[in-house]
Amino acid sequence: MDSLSQAALGAAIGTAVLGHKIGYRAALWGSALGTLPDLDVLISFGGPVADFTYHRSFSHSLLVLAAISPFLAWLIRRFHPEAPDRGGWLFLVAAVLLTHPLLDAFTIYGTQLFWPLDTTPFGLGSIFIIDPLYTLPLLAGLAAFLLLRRRPHLARRGNAVGLLLSTLYLAWSGAAQQWVELRTHRQLAAMALPHRQVLVQPAPLNTLLWRVLVMTDNGYREGFHSLLDGERPILFKAYRSEPALLSGLEHHWPVERLQWFTKGFYKVGADGQDIVISDLRMGLEPTYVFSFKVGERGNPHPRARPAQQRPVRQDMGRLPGLWKRIWQYPP
């Protein structure tokens, strides 16, 4: 999730654990710890594909975060000798750190929860990386805690309600995703459309409109389904991919790494002489956040090249159309 959501979740958990003892300081420490794992973006792993695929690895491992929690709790207590609640501090640190990667695992990016024992990138993909309906209850609960500090019972209850609502929203996102997946598979069966993989994920900033990605033998199809569409079919548009461009690059590390990390949801195309792989999970056709040049066309075979990330092209102008699509089925 985005940094604001992670900071808000950490602050809310810190407040729930020790807010009744140390007040706003619990929220401050929780907020700081909630953003700590994402500082791995400051580390260079040796190239754009490595930076892309090693993010959310060791820094988001439940095993690593559990192991460092006692040390961080001890370090924080050094700043607060007047609050010697060892168990409380350890619980605060561990709860904030461990919920960070668990929340990230609800997004599609890929979080290596059990690194180094298992480097599988988990990504449920039931919530967009930024979703106001998840974050606002947390912020409202924290605001209630601060504004009602003279009435501590109500203050704690306000924070707890914010945590509860945000958690219920996560559960809702998973249930909605499962429903759309079931709907999608039924339609694909009725269409008798051969396909390899299906991905259902929310459109930006909401969980009412869902993007459906279907990988086929000669490319992929993209469609959208609103929970308000009823029984009306998902309208797909077909797009081509050119995996033949990778002939001769099968063992090029950036190619292998991207194929693994995207779990097969990628497209291959050419931009002039450049051979480009795009992660279809993050973005909307035709703009994708993560696209990498992995080689150049050659005769008779392509040439491997050090990977270069293509400039990120944001298409914010599509957001009004997506919002309209929630309420209106295409004519």
# chains A, B, ... in the order shown; residues from 1 in each chain; ligands from 1
>>> select_by_dssp(residues="range 4-142 of chain A", states="alpha helix (DSSP H)", output="number ranges by chain")
A: 4-22, 24-35, 48-54, 62-77, 86-104, 132-142
>>> residues_around(residues="range 269-279 of chain A", least_positions_apart="2", cutoff="6 Å", atoms="only C-alpha atoms", output="ChimeraX atom specification")
/A:242,266-267,281,290-297
>>> residues_around(residues="Asp40 in chain A", least_positions_apart="3", cutoff="9 Å", atoms="only C-alpha atoms", output="list in words")
Leu36, Pro37, Ile43, Ser44, Tyr54, His55, Arg56, Ser57, Phe58 and Ser59 of chain A
>>> write_last_selection(atoms="N, CA and C atoms", output="mmCIF file, in the first residue's frame")
data_model
loop_
_atom_site.group_PDB
_atom_site.id
_atom_site.type_symbol
_atom_site.label_atom_id
_atom_site.label_comp_id
_atom_site.auth_asym_id
_atom_site.auth_seq_id
_atom_site.Cartn_x
_atom_site.Cartn_y
_atom_site.Cartn_z
ATOM 1 N N LEU A 36 8.880 1.930 8.003
ATOM 2 C CA LEU A 36 10.261 1.427 8.000
ATOM 3 C C LEU A 36 10.534 0.411 6.896
ATOM 4 N N PRO A 37 9.704 -0.614 6.689
ATOM 5 C CA PRO A 37 10.046 -1.599 5.651
ATOM 6 C C PRO A 37 10.181 -1.014 4.253
ATOM 7 N N ILE A 43 17.680 1.441 -1.355
ATOM 8 C CA ILE A 43 18.792 0.520 -1.595
ATOM 9 C C ILE A 43 18.866 0.197 -3.078
ATOM 10 N N SER A 44 20.062 0.265 -3.639
ATOM 11 C CA SER A 44 20.260 -0.153 -5.021
ATOM 12 C C SER A 44 20.649 -1.621 -5.041
ATOM 13 N N TYR A 54 13.416 -7.074 -6.162
ATOM 14 C CA TYR A 54 13.901 -7.320 -4.800
ATOM 15 C C TYR A 54 13.237 -6.407 -3.773
ATOM 16 N N HIS A 55 12.495 -5.398 -4.247
ATOM 17 C CA HIS A 55 11.669 -4.610 -3.324
ATOM 18 C C HIS A 55 10.625 -5.534 -2.706
ATOM 19 N N ARG A 56 10.346 -5.313 -1.442
ATOM 20 C CA ARG A 56 9.437 -6.181 -0.680
ATOM 21 C C ARG A 56 9.969 -7.602 -0.559
ATOM 22 N N SER A 57 11.278 -7.737 -0.420
ATOM 23 C CA SER A 57 11.854 -9.062 -0.181
ATOM 24 C C SER A 57 12.261 -9.159 1.289
ATOM 25 N N PHE A 58 13.549 -9.012 1.594
ATOM 26 C CA PHE A 58 13.994 -9.173 2.985
ATOM 27 C C PHE A 58 13.337 -8.165 3.916
ATOM 28 N N SER A 59 13.094 -6.952 3.417
ATOM 29 C CA SER A 59 12.536 -5.901 4.269
ATOM 30 C C SER A 59 11.078 -6.146 4.613
#
>>> residues_around(residues="Ile13 in chain A", least_positions_apart="6", cutoff="9 Å", atoms="only C-alpha atoms", output="list in words")
Ala26, Ala27, Gly30, Ser31, Leu92, Ala95, Val96, Asn159, Ala160 and Leu163 of chain A
>>> atom_distance(atom1="CA of Ala50 in chain A", atom2="CA of Val212 in chain A")
27.7 Å
